[in-house]
>>> print(open('target.pdb').read())   # PDB, C-alpha atoms, pLDDT in the B column
MODEL        1
ATOM      1  CA  LYS A 253      56.297  11.705 -60.415  1.00 92.00           C
ATOM      2  CA  ARG A 254      58.147   8.464 -60.996  1.00 93.00           C
ATOM      3  CA  LYS A 255      58.197   8.912 -64.767  1.00 94.00           C
ATOM      4  CA  CYS A 256      59.754  12.371 -64.347  1.00 94.00           C
ATOM      5  CA  GLU A 257      62.277  11.308 -61.708  1.00 95.00           C
ATOM      6  CA  TRP A 258      63.324   8.013 -63.289  1.00 94.00           C
ATOM      7  CA  PHE A 259      63.110   8.598 -67.029  1.00 95.00           C
ATOM      8  CA  GLN A 260      62.890  12.322 -67.760  1.00 95.00           C
ATOM      9  CA  ARG A 261      64.999  13.914 -65.022  1.00 95.00           C
ATOM     10  CA  ARG A 262      67.822  15.203 -67.242  1.00 95.00           C
ATOM     11  CA  MET A 263      65.481  16.404 -70.000  1.00 95.00           C
ATOM     12  CA  LEU A 264      63.222  18.267 -67.547  1.00 96.00           C
ATOM     13  CA  TYR A 265      66.158  19.800 -65.693  1.00 96.00           C
ATOM     14  CA  ASP A 266      67.636  20.961 -68.994  1.00 95.00           C
ATOM     15  CA  ILE A 267      64.280  22.511 -69.975  1.00 92.00           C
ATOM     16  CA  TRP A 268      64.331  24.505 -66.726  1.00 92.00           C
ATOM     17  CA  ASN A 269      68.056  25.269 -66.746  1.00 91.00           C
ATOM     18  CA  THR A 270      68.172  26.457 -70.371  1.00 90.00           C
ATOM     19  CA  GLU A 271      65.731  29.283 -69.731  1.00 82.00           C
ATOM     20  CA  THR A 272      65.194  29.720 -65.990  1.00 77.00           C
ATOM     21  CA  ARG A 273      62.858  32.721 -66.496  1.00 81.00           C
ATOM     22  CA  SER A 274      60.343  30.651 -68.470  1.00 87.00           C
ATOM     23  CA  GLY A 275      61.472  27.231 -67.236  1.00 88.00           C
ATOM     24  CA  GLU A 276      58.674  26.954 -64.670  1.00 90.00           C
ATOM     25  CA  LYS A 277      56.081  27.551 -67.375  1.00 91.00           C
ATOM     26  CA  SER A 278      57.793  24.989 -69.635  1.00 92.00           C
ATOM     27  CA  LEU A 279      57.705  22.384 -66.859  1.00 94.00           C
ATOM     28  CA  ALA A 280      54.035  23.190 -66.248  1.00 92.00           C
ATOM     29  CA  TRP A 281      53.341  22.566 -69.950  1.00 91.00           C
ATOM     30  CA  HIS A 282      55.039  19.197 -69.604  1.00 91.00           C
ATOM     31  CA  LEU A 283      52.640  18.436 -66.725  1.00 90.00           C
ATOM     32  CA  TYR A 284      49.647  19.522 -68.844  1.00 88.00           C
ATOM     33  CA  GLU A 285      50.753  17.238 -71.671  1.00 91.00           C
ATOM     34  CA  PHE A 286      51.084  14.265 -69.319  1.00 92.00           C
ATOM     35  CA  LEU A 287      47.617  14.834 -67.813  1.00 88.00           C
ATOM     36  CA  PHE A 288      46.098  15.247 -71.277  1.00 88.00           C
ATOM     37  CA  ASP A 289      47.736  11.978 -72.401  1.00 91.00           C
ATOM     38  CA  GLN A 290      46.107  10.321 -69.364  1.00 89.00           C
ATOM     39  CA  GLY A 291      42.669  11.377 -70.640  1.00 87.00           C
ATOM     40  CA  LEU A 292      42.092  14.427 -68.451  1.00 84.00           C
ATOM     41  CA  ASP A 293      40.206  17.181 -70.248  1.00 85.00           C
ATOM     42  CA  ILE A 294      41.843  20.392 -69.016  1.00 83.00           C
ATOM     43  CA  LEU A 295      41.719  24.163 -69.260  1.00 81.00           C
ATOM     44  CA  ILE A 296      45.066  25.931 -69.098  1.00 79.00           C
ATOM     45  CA  GLU A 297      45.403  29.225 -67.221  1.00 82.00           C
ATOM     46  CA  PRO A 298      41.710  30.169 -67.031  1.00 81.00           C
ATOM     47  CA  SER A 299      40.964  33.451 -65.255  1.00 84.00           C
ATOM     48  CA  SER A 300      39.292  33.596 -61.858  1.00 85.00           C
ATOM     49  CA  ALA A 301      38.708  36.198 -59.184  1.00 86.00           C
ATOM     50  CA  SER A 302      42.212  35.542 -57.777  1.00 87.00           C
ATOM     51  CA  GLY A 303      44.112  35.320 -61.067  1.00 84.00           C
ATOM     52  CA  GLU A 304      45.000  32.481 -63.409  1.00 81.00           C
ATOM     53  CA  VAL A 305      45.409  28.986 -62.023  1.00 80.00           C
ATOM     54  CA  ASP A 306      47.881  26.963 -64.073  1.00 80.00           C
ATOM     55  CA  LEU A 307      45.430  24.149 -64.737  1.00 73.00           C
ATOM     56  CA  ILE A 308      41.876  23.079 -63.986  1.00 78.00           C
ATOM     57  CA  SER A 309      40.114  20.065 -65.390  1.00 79.00           C
ATOM     58  CA  MET A 310      36.747  20.738 -66.965  1.00 65.00           C
ATOM     59  CA  GLN A 311      34.794  22.680 -64.369  1.00 51.00           C
ATOM     60  CA  HIS A 312      31.484  20.884 -64.780  1.00 59.00           C
ATOM     61  CA  HIS A 313      32.863  17.862 -62.916  1.00 59.00           C
ATOM     62  CA  ASP A 314      32.433  17.668 -59.149  1.00 64.00           C
ATOM     63  CA  ASP A 315      35.961  16.318 -58.801  1.00 71.00           C
ATOM     64  CA  ALA A 316      37.708  18.885 -60.991  1.00 80.00           C
ATOM     65  CA  LEU A 317      41.483  18.916 -60.623  1.00 87.00           C
ATOM     66  CA  ILE A 318      43.024  22.287 -59.751  1.00 91.00           C
ATOM     67  CA  ALA A 319      46.820  22.414 -59.975  1.00 92.00           C
ATOM     68  CA  ASP A 320      49.612  24.953 -59.942  1.00 93.00           C
ATOM     69  CA  ALA A 321      53.285  24.256 -60.668  1.00 94.00           C
ATOM     70  CA  LYS A 322      56.194  25.912 -58.875  1.00 96.00           C
ATOM     71  CA  ILE A 323      59.987  25.586 -58.872  1.00 96.00           C
ATOM     72  CA  PHE A 324      61.949  24.934 -55.685  1.00 97.00           C
ATOM     73  CA  ASN A 325      65.498  26.242 -55.861  1.00 96.00           C
ATOM     74  CA  PRO A 326      66.602  28.386 -52.898  1.00 94.00           C
ATOM     75  CA  GLU A 327      69.795  29.394 -54.714  1.00 93.00           C
ATOM     76  CA  LYS A 328      67.608  31.060 -57.388  1.00 92.00           C
ATOM     77  CA  SER A 329      65.228  32.858 -54.955  1.00 93.00           C
ATOM     78  CA  LYS A 330      62.662  30.048 -55.257  1.00 95.00           C
ATOM     79  CA  GLY A 331      62.715  28.858 -51.645  1.00 95.00           C
ATOM     80  CA  LEU A 332      60.342  28.940 -48.680  1.00 94.00           C
ATOM     81  CA  ASP A 333      58.662  32.272 -49.476  1.00 94.00           C
ATOM     82  CA  TYR A 334      58.092  31.260 -53.092  1.00 95.00           C
ATOM     83  CA  ILE A 335      56.524  27.928 -52.117  1.00 96.00           C
ATOM     84  CA  ALA A 336      54.369  29.696 -49.476  1.00 94.00           C
ATOM     85  CA  LYS A 337      53.070  32.104 -52.134  1.00 94.00           C
ATOM     86  CA  GLY A 338      52.283  29.126 -54.370  1.00 95.00           C
ATOM     87  CA  PHE A 339      50.401  27.465 -51.514  1.00 95.00           C
ATOM     88  CA  ASN A 340      48.370  30.634 -50.997  1.00 94.00           C
ATOM     89  CA  GLN A 341      47.589  30.788 -54.727  1.00 93.00           C
ATOM     90  CA  ILE A 342      46.257  27.249 -54.929  1.00 94.00           C
ATOM     91  CA  TYR A 343      44.249  27.740 -51.738  1.00 95.00           C
ATOM     92  CA  LEU A 344      42.605  30.865 -53.190  1.00 93.00           C
ATOM     93  CA  TYR A 345      41.857  29.029 -56.445  1.00 92.00           C
ATOM     94  CA  THR A 346      40.030  26.288 -54.515  1.00 93.00           C
ATOM     95  CA  LEU A 347      37.893  29.064 -53.034  1.00 93.00           C
ATOM     96  CA  ASP A 348      37.313  30.708 -56.430  1.00 91.00           C
ATOM     97  CA  TYR A 349      36.167  27.457 -58.034  1.00 89.00           C
ATOM     98  CA  ASN A 350      34.424  26.137 -54.898  1.00 90.00           C
ATOM     99  CA  LYS A 351      36.408  22.894 -54.970  1.00 90.00           C
ATOM    100  CA  PRO A 352      37.422  20.854 -51.915  1.00 93.00           C
ATOM    101  CA  SER A 353      41.043  20.340 -52.971  1.00 93.00           C
ATOM    102  CA  GLY A 354      43.936  21.511 -55.092  1.00 95.00           C
ATOM    103  CA  TYR A 355      47.452  20.369 -55.967  1.00 94.00           C
ATOM    104  CA  LEU A 356      50.691  22.281 -55.623  1.00 96.00           C
ATOM    105  CA  VAL A 357      53.203  20.502 -57.875  1.00 96.00           C
ATOM    106  CA  ILE A 358      56.763  21.465 -56.937  1.00 97.00           C
ATOM    107  CA  PHE A 359      59.657  20.743 -59.292  1.00 97.00           C
ATOM    108  CA  ASN A 360      62.808  20.522 -57.160  1.00 97.00           C
ATOM    109  CA  THR A 361      65.725  21.800 -59.260  1.00 96.00           C
ATOM    110  CA  SER A 362      68.076  21.971 -56.270  1.00 95.00           C
ATOM    111  CA  GLU A 363      70.426  19.294 -54.992  1.00 93.00           C
ATOM    112  CA  LYS A 364      68.878  19.804 -51.546  1.00 94.00           C
ATOM    113  CA  ASN A 365      66.061  17.557 -50.396  1.00 93.00           C
ATOM    114  CA  LEU A 366      62.745  19.298 -49.741  1.00 94.00           C
ATOM    115  CA  LYS A 367      60.894  18.051 -46.669  1.00 93.00           C
ATOM    116  CA  PHE A 368      57.478  19.116 -45.397  1.00 93.00           C
ATOM    117  CA  ALA A 369      56.773  18.909 -41.658  1.00 91.00           C
ATOM    118  CA  LEU A 370      52.994  18.802 -41.614  1.00 90.00           C
ATOM    119  CA  ASN A 371      50.276  18.219 -39.042  1.00 84.00           C
ATOM    120  CA  SER A 372      48.620  15.595 -41.273  1.00 77.00           C
ATOM    121  CA  GLU A 373      49.739  12.001 -41.198  1.00 71.00           C
ATOM    122  CA  SER A 374      52.307  11.080 -43.786  1.00 64.00           C
ATOM    123  CA  SER A 375      51.128   9.516 -47.004  1.00 67.00           C
ATOM    124  CA  PHE A 376      52.361   9.310 -50.564  1.00 71.00           C
ATOM    125  CA  PHE A 377      50.687  12.668 -51.131  1.00 78.00           C
ATOM    126  CA  GLN A 378      51.395  15.062 -48.336  1.00 91.00           C
ATOM    127  CA  TYR A 379      48.601  17.497 -47.682  1.00 94.00           C
ATOM    128  CA  ILE A 380      47.426  20.378 -45.570  1.00 94.00           C
ATOM    129  CA  GLN A 381      43.804  20.808 -44.548  1.00 93.00           C
ATOM    130  CA  HIS A 382      42.730  24.365 -43.890  1.00 92.00           C
ATOM    131  CA  ASN A 383      39.266  25.897 -43.777  1.00 92.00           C
ATOM    132  CA  ASN A 384      37.639  22.782 -45.281  1.00 93.00           C
ATOM    133  CA  LYS A 385      40.106  22.734 -48.184  1.00 95.00           C
ATOM    134  CA  THR A 386      42.786  20.109 -48.784  1.00 94.00           C
ATOM    135  CA  ILE A 387      45.941  21.174 -50.567  1.00 95.00           C
ATOM    136  CA  PHE A 388      48.081  18.270 -51.763  1.00 95.00           C
ATOM    137  CA  LEU A 389      51.828  18.858 -52.085  1.00 96.00           C
ATOM    138  CA  MET A 390      53.731  16.845 -54.669  1.00 95.00           C
ATOM    139  CA  VAL A 391      57.484  17.265 -55.007  1.00 96.00           C
ATOM    140  CA  ILE A 392      59.096  16.034 -58.226  1.00 96.00           C
ATOM    141  CA  ASP A 393      62.890  15.940 -57.897  1.00 96.00           C
ATOM    142  CA  ILE A 394      64.436  16.690 -61.292  1.00 97.00           C
ATOM    143  CA  TYR A 395      67.917  17.674 -60.110  1.00 96.00           C
ATOM    144  CA  PRO A 396      70.395  15.527 -62.098  1.00 94.00           C
ATOM    145  CA  HIS A 397      72.579  14.095 -59.346  1.00 89.00           C
ATOM    146  CA  GLU A 398      75.968  13.274 -60.835  1.00 88.00           C
ATOM    147  CA  THR A 399      76.845  10.531 -58.340  1.00 88.00           C
ATOM    148  CA  THR A 400      75.049   7.484 -57.052  1.00 88.00           C
ATOM    149  CA  ALA A 401      73.230   7.593 -53.729  1.00 87.00           C
ATOM    150  CA  SER A 402      76.066   5.756 -51.985  1.00 88.00           C
ATOM    151  CA  LYS A 403      78.555   8.497 -52.942  1.00 90.00           C
ATOM    152  CA  ARG A 404      76.538  11.643 -52.241  1.00 87.00           C
ATOM    153  CA  GLY A 405      77.479  11.966 -48.584  1.00 87.00           C
ATOM    154  CA  LYS A 406      75.138  13.335 -45.960  1.00 90.00           C
ATOM    155  CA  LEU A 407      71.638  14.382 -46.868  1.00 87.00           C
ATOM    156  CA  GLN A 408      71.154  18.135 -47.211  1.00 90.00           C
ATOM    157  CA  CYS A 409      67.555  18.941 -46.390  1.00 93.00           C
ATOM    158  CA  ILE A 410      65.431  22.057 -46.272  1.00 94.00           C
ATOM    159  CA  GLU A 411      62.343  21.682 -44.096  1.00 94.00           C
ATOM    160  CA  ILE A 412      59.151  23.649 -44.609  1.00 94.00           C
ATOM    161  CA  CYS A 413      56.633  23.541 -41.760  1.00 93.00           C
ATOM    162  CA  GLU A 414      52.883  23.804 -42.108  1.00 93.00           C
ATOM    163  CA  ASP A 415      53.005  27.101 -40.203  1.00 92.00           C
ATOM    164  CA  ASP A 416      55.379  28.428 -42.888  1.00 92.00           C
ATOM    165  CA  LEU A 417      52.663  27.843 -45.482  1.00 93.00           C
ATOM    166  CA  VAL A 418      49.587  28.827 -43.468  1.00 92.00           C
ATOM    167  CA  LYS A 419      50.281  32.047 -41.627  1.00 82.00           C
ATOM    168  CA  THR A 420      47.484  32.764 -39.164  1.00 64.00           C
ATOM    169  CA  ILE A 421      46.693  36.002 -37.378  1.00 55.00           C
ATOM    170  CA  ILE A 422      44.808  35.499 -34.140  1.00 54.00           C
ATOM    171  CA  THR A 423      42.697  38.419 -33.010  1.00 51.00           C
ATOM    172  CA  SER A 424      40.389  38.785 -30.068  1.00 47.00           C
ATOM    173  CA  LYS A 425      37.018  40.503 -30.288  1.00 51.00           C
ATOM    174  CA  VAL A 426      33.988  40.830 -28.082  1.00 52.00           C
ATOM    175  CA  ASP A 427      30.917  39.108 -29.474  1.00 55.00           C
ATOM    176  CA  GLY A 428      27.284  40.115 -28.840  1.00 56.00           C
ATOM    177  CA  THR A 429      27.305  38.432 -25.413  1.00 54.00           C
ATOM    178  CA  GLY A 430      30.270  40.477 -24.174  1.00 51.00           C
ATOM    179  CA  VAL A 431      32.527  37.391 -24.265  1.00 50.00           C
ATOM    180  CA  ASP A 432      35.874  37.420 -26.030  1.00 45.00           C
ATOM    181  CA  SER A 433      36.049  35.170 -29.062  1.00 45.00           C
ATOM    182  CA  VAL A 434      38.963  34.368 -31.346  1.00 43.00           C
ATOM    183  CA  ASP A 435      39.074  34.924 -35.102  1.00 44.00           C
ATOM    184  CA  SER A 436      41.774  33.657 -37.355  1.00 43.00           C
ATOM    185  CA  ALA A 437      42.563  34.637 -40.905  1.00 46.00           C
ATOM    186  CA  VAL A 438      44.939  33.280 -43.513  1.00 48.00           C
ATOM    187  CA  VAL A 439      47.517  35.835 -44.499  1.00 46.00           C
ATOM    188  CA  SER A 440      49.460  35.757 -47.723  1.00 43.00           C
ATOM    189  CA  PRO A 441      53.155  35.387 -46.884  1.00 44.00           C
TER     190      PRO A 441
ENDMDL
END
>>> encode(input="target.pdb", output="C-alpha cells")
Amino acid sequence: KRKCEWFQRRMLYDIWNTETRSGEKSLAWHLYEFLFDQGLDILIEPSSASGEVDLISMQHHDDALIADAKIFNPEKSKGLDYIAKGFNQIYLYTLDYNKPSGYLVIFNTSEKNLKFALNSESSFFQYIQHNNKTIFLMVIDIYPHETTASKRGKLQCIEICEDDLVKTIITSKVDGTGVDSVDSAVVSP
C-alpha cells in the first residue's frame, strides 16, 4: 500500500488511465508481481465453482491468501455497486476454497476519499466478518493529486456501509416445533 501510494502512484494511475478497459487487470498484475517478489507462491486466476479468483496462494497451505482486485471510480461506473459485487465475489471464493479469509484490494483512481463504515473495530486493515468468513478491505489510493494536502480544500468522501456490501434477506418460517424462526441469506447486489 505505502509503496504504491508513495512511490508508484503516478505510474499506476497512468497504467489504469491509459487503457481503462484493461487497467484493472494491469493493476492486478502489478499486485501479483509484488506478492511474488515477496516470496509468495501464487496461482493467477484459477477456476472454481464461482468463477476465477484473481489470485490464490498455493492451495495446500492452511493460510492460503485469496485476493481480488477492483477499481473504485464512481465517475467511471466503478462505485458502490461495483465494490459490492467485488465483495460478493471474494466472499464466494472463500467458500469455494474453504478458507477463513480473503482480501478485496481496491485501487482508488478517483480524487474522492473512500471510507468504509463497518461494524468491526477500526484497524489498519478494515474487515467484515460474515458467516465465519473474514473479508479484509484494502484501499490503495493511486489518484495523482496535483496539489499538496494543504491546498486541496475540503475532503470529498464517499462512504460505503457494511450493509451496502452484505445485503441480507430476513425471512420467517415455522420450524418443526411450530415456532417461527428467522433465516438470513446473503444476496448478491
>>> resolve_selection(input="target.pdb", expression="the PyMOL selection byres ((chain A and resi 331) around 12)", output="PyMOL selection string")
chain A and resi 322-330+332-338+358-362+364-366+410-412+416-417
>>> closest_residue(input="target.pdb", among="A:Ile392, A:Ile380, A:Glu297, A:Leu370", to="Tyr345 of chain A", atoms="only C-alpha atoms")
A:Glu297
>>> closest_residue(input="target.pdb", among="A:Leu407, A:Leu292, A:Ile267, A:Ile387", to="Leu347 of chain A", atoms="all atoms listed in the file")
A:Ile387
>>> closest_residue(input="target.pdb", among="A:Ser302, A:Arg254, A:Phe388, A:Gly275", to="Leu317 of chain A", atoms="only C-alpha atoms")
A:Phe388
>>> residues_near_point(input="target.pdb", point="(49.9, 18.7, -43.7)", cutoff="12 Å", atoms="all atoms listed in the file", output="NGL selection string")
:A and (339 or 367-382 or 385-390 or 412-418)
>>> atom_distance(input="target.pdb", atom1="atom CA of Ala321 of chain A", atom2="atom CA of Ala280 of chain A")
5.7 Å
>>> atom_distance(input="target.pdb", atom1="atom CA of Glu257 of chain A", atom2="atom CA of Gly354 of chain A")
22.0 Å
>>> closest_residue(input="target.pdb", among="A:Asp315, A:Asn340, A:Met263, A:Cys409", to="Pro352 of chain A", atoms="only C-alpha atoms")
A:Asp315
>>> build_atoms(input="target.pdb", residues="segment 345-356 of chain A", atoms="all heavy atoms", output="JSON list (two decimals), in the frame of the given file")
[["chain", "number", "residue", "atom", "x", "y", "z"],
["A", 345, "TYR", "N", 42.54, 29.60, -55.28],
["A", 345, "TYR", "CA", 41.86, 29.03, -56.44],
["A", 345, "TYR", "C", 40.80, 28.00, -56.04],
["A", 345, "TYR", "O", 39.75, 27.90, -56.66],
["A", 345, "TYR", "CB", 42.85, 28.41, -57.42],
["A", 345, "TYR", "CG", 43.81, 29.40, -58.04],
["A", 345, "TYR", "CD1", 45.14, 29.06, -58.25],
["A", 345, "TYR", "CD2", 43.41, 30.69, -58.40],
["A", 345, "TYR", "CE1", 46.04, 29.96, -58.81],
["A", 345, "TYR", "CE2", 44.29, 31.60, -58.96],
["A", 345, "TYR", "CZ", 45.60, 31.23, -59.16],
["A", 345, "TYR", "OH", 46.48, 32.12, -59.71],
["A", 346, "THR", "N", 41.06, 27.23, -54.98],
["A", 346, "THR", "CA", 40.03, 26.29, -54.52],
["A", 346, "THR", "C", 38.80, 27.05, -54.03],
["A", 346, "THR", "O", 37.68, 26.59, -54.19],
["A", 346, "THR", "CB", 40.54, 25.35, -53.40],
["A", 346, "THR", "OG1", 40.92, 26.10, -52.26],
["A", 346, "THR", "CG2", 41.68, 24.47, -53.89],
["A", 347, "LEU", "N", 39.02, 28.22, -53.44],
["A", 347, "LEU", "CA", 37.89, 29.06, -53.03],
["A", 347, "LEU", "C", 37.16, 29.61, -54.26],
["A", 347, "LEU", "O", 35.92, 29.58, -54.32],
["A", 347, "LEU", "CB", 38.37, 30.22, -52.15],
["A", 347, "LEU", "CG", 38.96, 29.85, -50.79],
["A", 347, "LEU", "CD1", 39.51, 31.09, -50.10],
["A", 347, "LEU", "CD2", 37.94, 29.15, -49.91],
["A", 348, "ASP", "N", 37.92, 30.13, -55.22],
["A", 348, "ASP", "CA", 37.31, 30.71, -56.43],
["A", 348, "ASP", "C", 36.42, 29.70, -57.15],
["A", 348, "ASP", "O", 35.34, 30.05, -57.62],
["A", 348, "ASP", "CB", 38.39, 31.17, -57.42],
["A", 348, "ASP", "CG", 39.12, 32.41, -56.96],
["A", 348, "ASP", "OD1", 38.68, 33.05, -55.98],
["A", 348, "ASP", "OD2", 40.15, 32.74, -57.58],
["A", 349, "TYR", "N", 36.89, 28.48, -57.28],
["A", 349, "TYR", "CA", 36.17, 27.46, -58.03],
["A", 349, "TYR", "C", 35.29, 26.57, -57.15],
["A", 349, "TYR", "O", 34.69, 25.62, -57.63],
["A", 349, "TYR", "CB", 37.15, 26.60, -58.84],
["A", 349, "TYR", "CG", 37.78, 27.37, -59.98],
["A", 349, "TYR", "CD1", 39.07, 27.88, -59.87],
["A", 349, "TYR", "CD2", 37.07, 27.63, -61.14],
["A", 349, "TYR", "CE1", 39.64, 28.60, -60.90],
["A", 349, "TYR", "CE2", 37.63, 28.34, -62.19],
["A", 349, "TYR", "CZ", 38.92, 28.83, -62.05],
["A", 349, "TYR", "OH", 39.47, 29.54, -63.08],
["A", 350, "ASN", "N", 35.25, 26.89, -55.85],
["A", 350, "ASN", "CA", 34.42, 26.14, -54.90],
["A", 350, "ASN", "C", 34.71, 24.63, -54.97],
["A", 350, "ASN", "O", 33.79, 23.82, -55.08],
["A", 350, "ASN", "CB", 32.93, 26.43, -55.11],
["A", 350, "ASN", "CG", 32.12, 25.98, -53.92],
["A", 350, "ASN", "OD1", 32.59, 25.97, -52.79],
["A", 350, "ASN", "ND2", 30.88, 25.61, -54.18],
["A", 351, "LYS", "N", 35.98, 24.29, -54.92],
["A", 351, "LYS", "CA", 36.41, 22.89, -54.97],
["A", 351, "LYS", "C", 37.04, 22.52, -53.63],
["A", 351, "LYS", "O", 37.65, 23.34, -52.97],
["A", 351, "LYS", "CB", 37.42, 22.67, -56.10],
["A", 351, "LYS", "CG", 36.85, 22.96, -57.47],
["A", 351, "LYS", "CD", 35.68, 22.06, -57.78],
["A", 351, "LYS", "CE", 35.03, 22.41, -59.09],
["A", 351, "LYS", "NZ", 33.78, 21.72, -59.29],
["A", 352, "PRO", "N", 36.91, 21.27, -53.23],
["A", 352, "PRO", "CA", 37.42, 20.85, -51.92],
["A", 352, "PRO", "C", 38.93, 20.69, -51.85],
["A", 352, "PRO", "O", 39.50, 20.65, -50.77],
["A", 352, "PRO", "CB", 36.73, 19.52, -51.67],
["A", 352, "PRO", "CG", 36.46, 18.98, -53.03],
["A", 352, "PRO", "CD", 36.18, 20.19, -53.90],
["A", 353, "SER", "N", 39.61, 20.60, -53.02],
["A", 353, "SER", "CA", 41.04, 20.34, -52.97],
["A", 353, "SER", "C", 41.76, 20.94, -54.17],
["A", 353, "SER", "O", 41.14, 21.25, -55.19],
["A", 353, "SER", "CB", 41.31, 18.83, -52.90],
["A", 353, "SER", "OG", 40.82, 18.20, -54.06],
["A", 354, "GLY", "N", 43.07, 21.05, -54.02],
["A", 354, "GLY", "CA", 43.94, 21.51, -55.09],
["A", 354, "GLY", "C", 45.31, 20.89, -54.93],
["A", 354, "GLY", "O", 45.64, 20.33, -53.87],
["A", 355, "TYR", "N", 46.13, 20.98, -55.96],
["A", 355, "TYR", "CA", 47.45, 20.37, -55.97],
["A", 355, "TYR", "C", 48.51, 21.43, -56.24],
["A", 355, "TYR", "O", 48.39, 22.19, -57.20],
["A", 355, "TYR", "CB", 47.56, 19.29, -57.06],
["A", 355, "TYR", "CG", 46.75, 18.07, -56.75],
["A", 355, "TYR", "CD1", 45.38, 18.04, -57.00],
["A", 355, "TYR", "CD2", 47.35, 16.94, -56.21],
["A", 355, "TYR", "CE1", 44.63, 16.92, -56.71],
["A", 355, "TYR", "CE2", 46.61, 15.81, -55.92],
["A", 355, "TYR", "CZ", 45.25, 15.81, -56.17],
["A", 355, "TYR", "OH", 44.51, 14.70, -55.88],
["A", 356, "LEU", "N", 49.52, 21.46, -55.39],
["A", 356, "LEU", "CA", 50.69, 22.28, -55.62],
["A", 356, "LEU", "C", 51.80, 21.32, -56.04],
["A", 356, "LEU", "O", 52.26, 20.50, -55.24],
["A", 356, "LEU", "CB", 51.08, 23.06, -54.36],
["A", 356, "LEU", "CG", 52.28, 24.00, -54.49],
["A", 356, "LEU", "CD1", 52.05, 25.04, -55.59],
["A", 356, "LEU", "CD2", 52.57, 24.68, -53.17]]
